[in-house]
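This is final08.txt (compact mmCIF, C-alpha atoms and all ligand atoms).
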# COMPACT_ATOMS: atom_id res chain seq x y z
CA MET A 1049 3.20 -17.34 20.75
CA ASN A 1050 1.09 -17.33 17.60
CA ASN A 1051 2.81 -17.94 14.27
CA SER A 1052 -0.36 -17.55 12.18
CA PRO A 1053 0.08 -14.93 9.46
CA ILE A 1054 -0.86 -11.26 9.52
CA GLY A 1055 -3.24 -10.60 6.62
CA ILE A 1056 -2.79 -7.41 4.61
CA PHE A 1057 -4.95 -6.19 1.73
CA ASP A 1058 -5.14 -3.23 -0.59
CA SER A 1059 -6.92 -2.36 -3.83
CA GLY A 1060 -3.67 -3.26 -5.57
CA VAL A 1061 0.08 -3.03 -5.30
CA GLY A 1062 0.25 0.19 -3.24
CA GLY A 1063 -0.31 -1.40 0.16
CA THR A 1064 3.10 -3.02 -0.17
CA SER A 1065 4.38 0.36 1.09
CA ILE A 1066 2.68 -0.59 4.37
CA TRP A 1067 3.74 -4.24 4.18
CA ARG A 1068 7.38 -3.06 3.86
CA GLU A 1069 7.14 -1.14 7.15
CA ILE A 1070 5.49 -4.07 8.91
CA HIS A 1071 8.08 -6.52 7.61
CA LYS A 1072 10.90 -4.17 8.61
CA LEU A 1073 9.61 -3.77 12.18
CA LEU A 1074 8.37 -7.35 12.64
CA PRO A 1075 10.57 -9.56 10.43
CA TYR A 1076 9.63 -12.65 12.45
CA GLU A 1077 5.91 -12.34 11.58
CA ASN A 1078 4.50 -14.36 8.67
CA THR A 1079 2.47 -12.20 6.29
CA ILE A 1080 -0.04 -12.75 3.49
CA TYR A 1081 -0.62 -9.83 1.13
CA LEU A 1082 -3.61 -9.58 -1.21
CA ALA A 1083 -3.48 -7.15 -4.13
CA ASP A 1084 -7.06 -6.69 -5.31
CA SER A 1085 -5.79 -5.12 -8.53
CA LYS A 1086 -8.64 -6.55 -10.60
CA TYR A 1087 -10.98 -4.13 -8.83
CA ALA A 1088 -8.61 -1.14 -8.59
CA PRO A 1089 -9.05 1.71 -8.22
CA TYR A 1090 -11.30 1.74 -5.15
CA GLY A 1091 -11.08 5.54 -4.91
CA PRO A 1092 -13.94 6.47 -7.26
CA LYS A 1093 -16.24 3.67 -6.00
CA GLY A 1094 -19.08 4.19 -3.52
CA LYS A 1095 -19.00 3.19 0.14
CA ASN A 1096 -21.14 0.04 -0.38
CA ARG A 1097 -18.97 -1.32 -3.16
CA ILE A 1098 -15.77 -0.58 -1.22
CA THR A 1099 -17.26 -2.39 1.79
CA GLU A 1100 -18.26 -5.39 -0.36
CA LEU A 1101 -14.73 -5.68 -1.76
CA SER A 1102 -13.20 -5.32 1.72
CA VAL A 1103 -15.43 -8.15 3.01
CA LYS A 1104 -14.37 -10.35 0.08
CA ASN A 1105 -10.67 -9.74 0.83
CA THR A 1106 -11.15 -10.28 4.56
CA GLU A 1107 -12.96 -13.60 3.98
CA LEU A 1108 -10.05 -14.88 1.91
CA LEU A 1109 -7.46 -13.82 4.48
CA LEU A 1110 -9.46 -15.48 7.24
CA GLU A 1111 -9.73 -18.69 5.16
CA LYS A 1112 -5.94 -18.57 4.99
CA GLY A 1113 -5.80 -18.50 8.79
CA CYS A 1114 -4.81 -14.87 9.44
CA LYS A 1115 -4.77 -13.76 13.08
CA LEU A 1116 -5.05 -10.03 12.43
CA ILE A 1117 -5.90 -7.95 9.37
CA VAL A 1118 -4.20 -4.78 8.21
CA ILE A 1119 -6.29 -2.75 5.79
CA ALA A 1120 -3.38 -1.24 3.86
CA CYS A 1121 -5.70 1.11 2.03
CA ASN A 1122 -6.96 4.50 3.21
CA THR A 1123 -10.04 4.25 1.00
CA ALA A 1124 -11.08 0.86 2.39
CA THR A 1125 -10.30 1.92 5.97
CA THR A 1126 -12.22 5.17 5.89
CA ASN A 1127 -15.24 3.51 4.25
CA ALA A 1128 -15.36 -0.04 5.60
CA ILE A 1129 -13.39 -0.57 8.83
CA ARG A 1130 -16.35 0.05 11.10
CA HIS A 1131 -18.41 -2.59 9.27
CA LEU A 1132 -15.55 -5.11 9.27
CA ARG A 1133 -15.03 -4.68 13.02
CA GLU A 1134 -18.73 -5.27 13.57
CA ILE A 1135 -18.88 -8.56 11.71
CA TYR A 1136 -15.49 -10.20 12.40
CA ASP A 1137 -13.77 -11.10 15.65
CA VAL A 1138 -10.15 -10.64 14.54
CA PRO A 1139 -8.42 -7.32 15.25
CA PHE A 1140 -8.28 -4.87 12.33
CA ILE A 1141 -5.65 -2.18 11.85
CA GLY A 1142 -6.57 0.58 9.46
CA ILE A 1143 -4.67 3.34 7.74
CA GLU A 1144 -5.75 6.95 7.66
CA PRO A 1145 -4.05 10.05 6.25
CA ALA A 1146 -1.47 11.41 8.73
CA ILE A 1147 -3.26 14.72 9.19
CA LYS A 1148 -2.45 14.96 12.90
CA PRO A 1149 1.39 15.11 12.75
CA ALA A 1150 1.24 17.49 9.80
CA ALA A 1151 -1.23 19.80 11.58
CA LEU A 1152 0.87 19.78 14.74
CA GLN A 1153 4.12 20.65 12.98
CA THR A 1154 3.12 23.05 10.22
CA LYS A 1155 4.68 26.51 10.46
CA SER A 1156 2.87 28.01 7.50
CA ASN A 1157 -0.41 26.77 8.99
CA THR A 1158 -1.20 25.22 5.62
CA ILE A 1159 -0.90 21.57 4.70
CA GLY A 1160 -1.67 19.68 1.53
CA ILE A 1161 -3.32 16.30 1.28
CA LEU A 1162 -3.32 14.08 -1.75
CA ALA A 1163 -5.77 11.17 -1.45
CA THR A 1164 -8.52 9.38 -3.32
CA LYS A 1165 -12.04 10.70 -3.75
CA GLY A 1166 -13.32 7.85 -1.55
CA THR A 1167 -11.05 8.91 1.32
CA LEU A 1168 -11.55 12.66 1.07
CA SER A 1169 -15.33 12.31 0.95
CA SER A 1170 -15.55 9.84 3.84
CA GLU A 1171 -17.08 10.67 7.19
CA LEU A 1172 -14.05 9.27 9.03
CA PHE A 1173 -11.64 11.58 7.19
CA HIS A 1174 -13.78 14.62 8.04
CA LYS A 1175 -13.98 13.61 11.68
CA THR A 1176 -10.20 13.20 11.87
CA SER A 1177 -9.44 16.52 10.22
CA ASP A 1178 -12.00 18.37 12.37
CA LEU A 1179 -10.46 16.83 15.47
CA TYR A 1180 -6.76 17.30 14.72
CA ALA A 1181 -6.48 20.08 12.17
CA ASN A 1182 -8.79 22.69 13.57
CA GLY A 1183 -7.58 26.12 12.48
CA VAL A 1184 -5.10 24.70 9.95
CA THR A 1185 -5.80 25.29 6.26
CA ILE A 1186 -5.96 21.98 4.41
CA ILE A 1187 -5.59 21.99 0.65
CA GLU A 1188 -7.34 18.79 -0.42
CA GLN A 1189 -6.59 17.24 -3.78
CA VAL A 1190 -8.03 14.06 -5.28
CA GLY A 1191 -5.20 12.15 -6.96
CA GLU A 1192 -7.38 11.06 -9.85
CA GLY A 1193 -5.54 8.84 -12.31
CA LEU A 1194 -2.49 8.20 -10.12
CA VAL A 1195 -3.48 4.72 -8.89
CA PRO A 1196 -4.29 3.36 -12.39
CA LEU A 1197 -0.86 4.55 -13.61
CA ILE A 1198 0.89 2.85 -10.66
CA GLU A 1199 -1.16 -0.31 -11.24
CA ASN A 1200 0.05 -0.26 -14.85
CA GLY A 1201 3.69 0.05 -13.87
CA ALA A 1202 3.89 3.65 -15.11
CA ILE A 1203 5.43 5.29 -12.01
CA ASP A 1204 8.15 7.02 -14.00
CA SER A 1205 6.04 7.99 -17.00
CA PRO A 1206 5.59 11.52 -18.43
CA GLU A 1207 1.82 11.17 -17.73
CA MET A 1208 2.59 10.68 -14.06
CA GLU A 1209 4.81 13.75 -13.95
CA GLU A 1210 2.11 15.82 -15.67
CA LEU A 1211 -0.57 14.76 -13.21
CA LEU A 1212 1.62 15.32 -10.16
CA LYS A 1213 2.57 18.81 -11.37
CA LYS A 1214 -1.09 19.65 -11.89
CA TYR A 1215 -2.02 18.44 -8.40
CA ILE A 1216 0.75 20.01 -6.38
CA THR A 1217 1.10 23.38 -8.13
CA PRO A 1218 -1.93 24.91 -6.29
CA MET A 1219 -0.57 23.53 -3.01
CA ILE A 1220 2.81 25.16 -3.56
CA ALA A 1221 1.04 28.42 -4.43
CA ALA A 1222 -0.92 28.17 -1.15
CA ASN A 1223 2.42 27.83 0.74
CA ILE A 1224 2.07 24.34 2.21
CA ASP A 1225 5.00 23.07 4.25
CA TYR A 1226 3.65 19.53 4.72
CA LEU A 1227 2.24 17.19 2.10
CA VAL A 1228 0.26 14.27 3.51
CA LEU A 1229 0.06 11.22 1.29
CA GLY A 1230 -3.37 9.79 2.02
CA CYS A 1231 -3.17 6.74 -0.22
CA SER A 1232 -0.91 3.74 0.27
CA HIS A 1233 0.02 3.77 -3.43
CA TYR A 1234 1.53 7.25 -3.22
CA PRO A 1235 4.75 6.52 -1.25
CA TYR A 1236 6.03 5.07 -4.53
CA LEU A 1237 5.77 8.60 -5.94
CA ILE A 1238 7.98 10.19 -3.26
CA PRO A 1239 11.18 10.31 -5.37
CA LYS A 1240 9.29 12.10 -8.16
CA LEU A 1241 7.48 14.40 -5.71
CA HIS A 1242 10.82 15.45 -4.20
CA THR A 1243 11.94 16.69 -7.59
CA LEU A 1244 8.76 18.76 -7.98
CA LEU A 1245 8.27 20.21 -4.49
CA PRO A 1246 10.25 23.05 -2.89
CA LYS A 1247 12.93 21.73 -0.49
CA HIS A 1248 11.18 22.95 2.66
CA VAL A 1249 8.06 20.83 2.06
CA THR A 1250 8.02 17.65 4.16
CA ILE A 1251 6.18 14.62 2.80
CA ILE A 1252 4.52 12.32 5.29
CA ASP A 1253 2.78 9.01 4.97
CA SER A 1254 1.34 6.62 7.53
CA GLY A 1255 3.35 3.43 6.89
CA ALA A 1256 5.64 3.45 9.93
CA ALA A 1257 2.78 4.43 12.26
CA VAL A 1258 0.68 1.52 10.98
CA ALA A 1259 3.56 -0.89 11.62
CA ARG A 1260 3.93 0.39 15.21
CA GLN A 1261 0.19 0.10 15.76
CA THR A 1262 0.27 -3.47 14.39
CA GLN A 1263 2.97 -4.36 16.91
CA ALA A 1264 1.02 -2.78 19.77
CA ILE A 1265 -2.19 -4.64 18.91
CA LEU A 1266 -0.38 -7.96 18.48
CA GLU A 1267 1.13 -7.48 21.94
CA LYS A 1268 -2.17 -6.42 23.48
CA HIS A 1269 -3.95 -9.53 22.15
CA GLU A 1270 -0.97 -11.82 22.83
CA LEU A 1271 -0.77 -12.70 19.15
CA CYS A 1272 2.95 -12.12 18.54
CA ALA A 1273 4.92 -14.74 16.64
CA SER A 1274 8.05 -16.23 18.13
CA VAL A 1275 11.01 -13.89 17.54
CA THR A 1276 13.02 -16.89 16.35
CA ASN A 1277 10.58 -17.39 13.46
CA ILE A 1278 11.78 -16.33 10.02
CA GLY A 1279 8.84 -14.42 8.59
CA ASP A 1280 7.40 -16.09 5.51
CA CYS A 1281 5.84 -13.54 3.13
CA MET A 1282 3.23 -14.62 0.60
CA PHE A 1283 1.80 -12.36 -2.09
CA PHE A 1284 -1.35 -12.93 -4.14
CA SER A 1285 -2.60 -10.81 -7.02
CA ASN A 1286 -5.83 -11.06 -9.01
CA GLY A 1287 -4.36 -8.64 -11.56
CA ASN A 1288 -1.03 -8.74 -13.35
CA PRO A 1289 1.38 -10.51 -10.95
CA GLU A 1290 4.37 -9.03 -12.80
CA ILE A 1291 3.53 -5.50 -11.65
CA LEU A 1292 3.47 -6.64 -8.03
CA THR A 1293 6.71 -8.57 -8.50
CA GLU A 1294 8.32 -5.42 -9.92
CA ILE A 1295 7.08 -3.26 -7.02
CA LEU A 1296 8.70 -5.81 -4.69
CA ASP A 1297 11.98 -5.44 -6.62
CA GLY A 1298 11.74 -9.08 -7.67
CA ASP A 1299 12.61 -10.21 -4.13
CA PHE A 1300 9.42 -12.25 -3.58
CA THR A 1301 7.29 -14.70 -5.52
CA VAL A 1302 3.81 -13.51 -6.41
CA GLU A 1303 1.06 -16.01 -7.01
CA ALA A 1304 -1.77 -15.24 -9.44
CA LEU A 1305 -5.12 -15.98 -7.82
CA ASP A 1306 -8.67 -15.17 -8.84
CA PHE A 1307 -10.58 -13.70 -5.90
N1 LIG B 1401 -4.23 2.33 -1.99
C1 LIG B 1401 -5.50 2.82 -1.71
C2 LIG B 1401 -5.59 3.86 -0.65
O1 LIG B 1401 -4.77 3.89 0.22
C3 LIG B 1401 -6.59 2.81 -2.72
C4 LIG B 1401 -6.39 3.54 -3.96
C5 LIG B 1401 -7.45 3.21 -4.95
O2 LIG B 1401 -7.67 2.02 -5.19
O3 LIG B 1401 -8.08 4.14 -5.47
O4 LIG B 1401 -6.49 4.67 -0.66
Take the structure in this file and express it as structure tokens.
Amino acid sequence: MNNSPIGIFDSGVGGTSIWREIHKLLPYENTIYLADSKYAPYGPKGKNRITELSVKNTELLLEKGCKLIVIACNTATTNAIRHLREIYDVPFIGIEPAIKPAALQTKSNTIGILATKGTLSSELFHKTSDLYANGVTIIEQVGEGLVPLIENGAIDSPEMEELLKKYITPMIAANIDYLVLGCSHYPYLIPKLHTLLPKHVTIIDSGAAVARQTQAILEKHELCASVTNIGDCMFFSNGNPEILTEILDGDFTVEALDF
């Protein structure tokens, strides 16, 4: 048994959509979540900068004694996971857009993906889509501006609705039947997206799959906490802690920390 915490980081508050799934599946695991909101968004940044920030976050989580790290950010995973695995011994779990299930299930043979520029331009994303979505038409859309609005607590704003309409209208016109959310911030937009998309379009994100993969890797490395443990969840933000508190529905304490 290993009751050390699982470390989770994202460019900001969005990775809590992944943390939620992990906490739901593994409530006995202690977790430490880092919201690197000060440096959000990662999406428009280059690979080197994204890697630098990912190393900074990993160092802090390791200082805090984490046994495994979940990169709850598609942009950081697709740009930096290979480097992180090369330099650190702990297991890393990454998150990538769920292209595969969408490509397998589409009936219109057309799927939409909404993700950051950093993810859509990464080598890893291209490899995954070539491997799993061969022959399927993928309508790619950079969700420019969405993360800053979420980081500012403006999920339900008119600006958000405007941007979402602009991004999904061409996808609807192309007859998508699956919309892949390739950014861990975007699950917070699902209620709004449901009001804008035709009923037959299924939205998928990778949160539950990441939680299952976390469980499998913990088991493989014999790192699971005792099931009698009551998972302690700590949250740190280097941005506005109130936004993170709000995203967590006020259920958890968020500590402000400069990192
Ligand atoms: N939440 C992140 C992702 O999954 C990063 C978004 C951003 O910082 O641009 O890609």
Throw together the list of residues within 8 Å of ligand LIG 1401 (chain B), counting only C-alpha atoms and all ligand atoms, and drop it here as a PyMOL selection string. chain A and resi 1058-1063+1087-1092+1120-1124+1143+1163-1167+1195-1196+1230-1234
Specify the axis-aligned box that encloses all atoms of range 1261-1269 of chain A listed in the file after padding of 5 Å on each side, stating its centre and edge lengths in Å to one decimal as AutoDock Vina command-line options.
--center_x -0.5 --center_y -4.7 --center_z 18.9 --size_x 16.9 --size_y 19.6 --size_z 19.1
Check your understanding: Excluding same-chain residues fewer than 3 positions from Thr1301 in chain A, what lies within 8 Å of it counting all atoms listed in the file, as number ranges by chain?
Key -> A: 1282-1283, 1293, 1298
May I ask which of the residues A:Ser1170, A:Gln1189, A:Gln1261, A:Ser1285 is the closest one to Lys1093 in chain A, counting only C-alpha atoms?
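Result for the nearest residue to Lys1093 in chain A: A:Ser1170.
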Separating CA of Tyr1081 in chain A from CA of Lys1240 in chain A, to the nearest tenth of an Å, is a gap of 25.8 Å
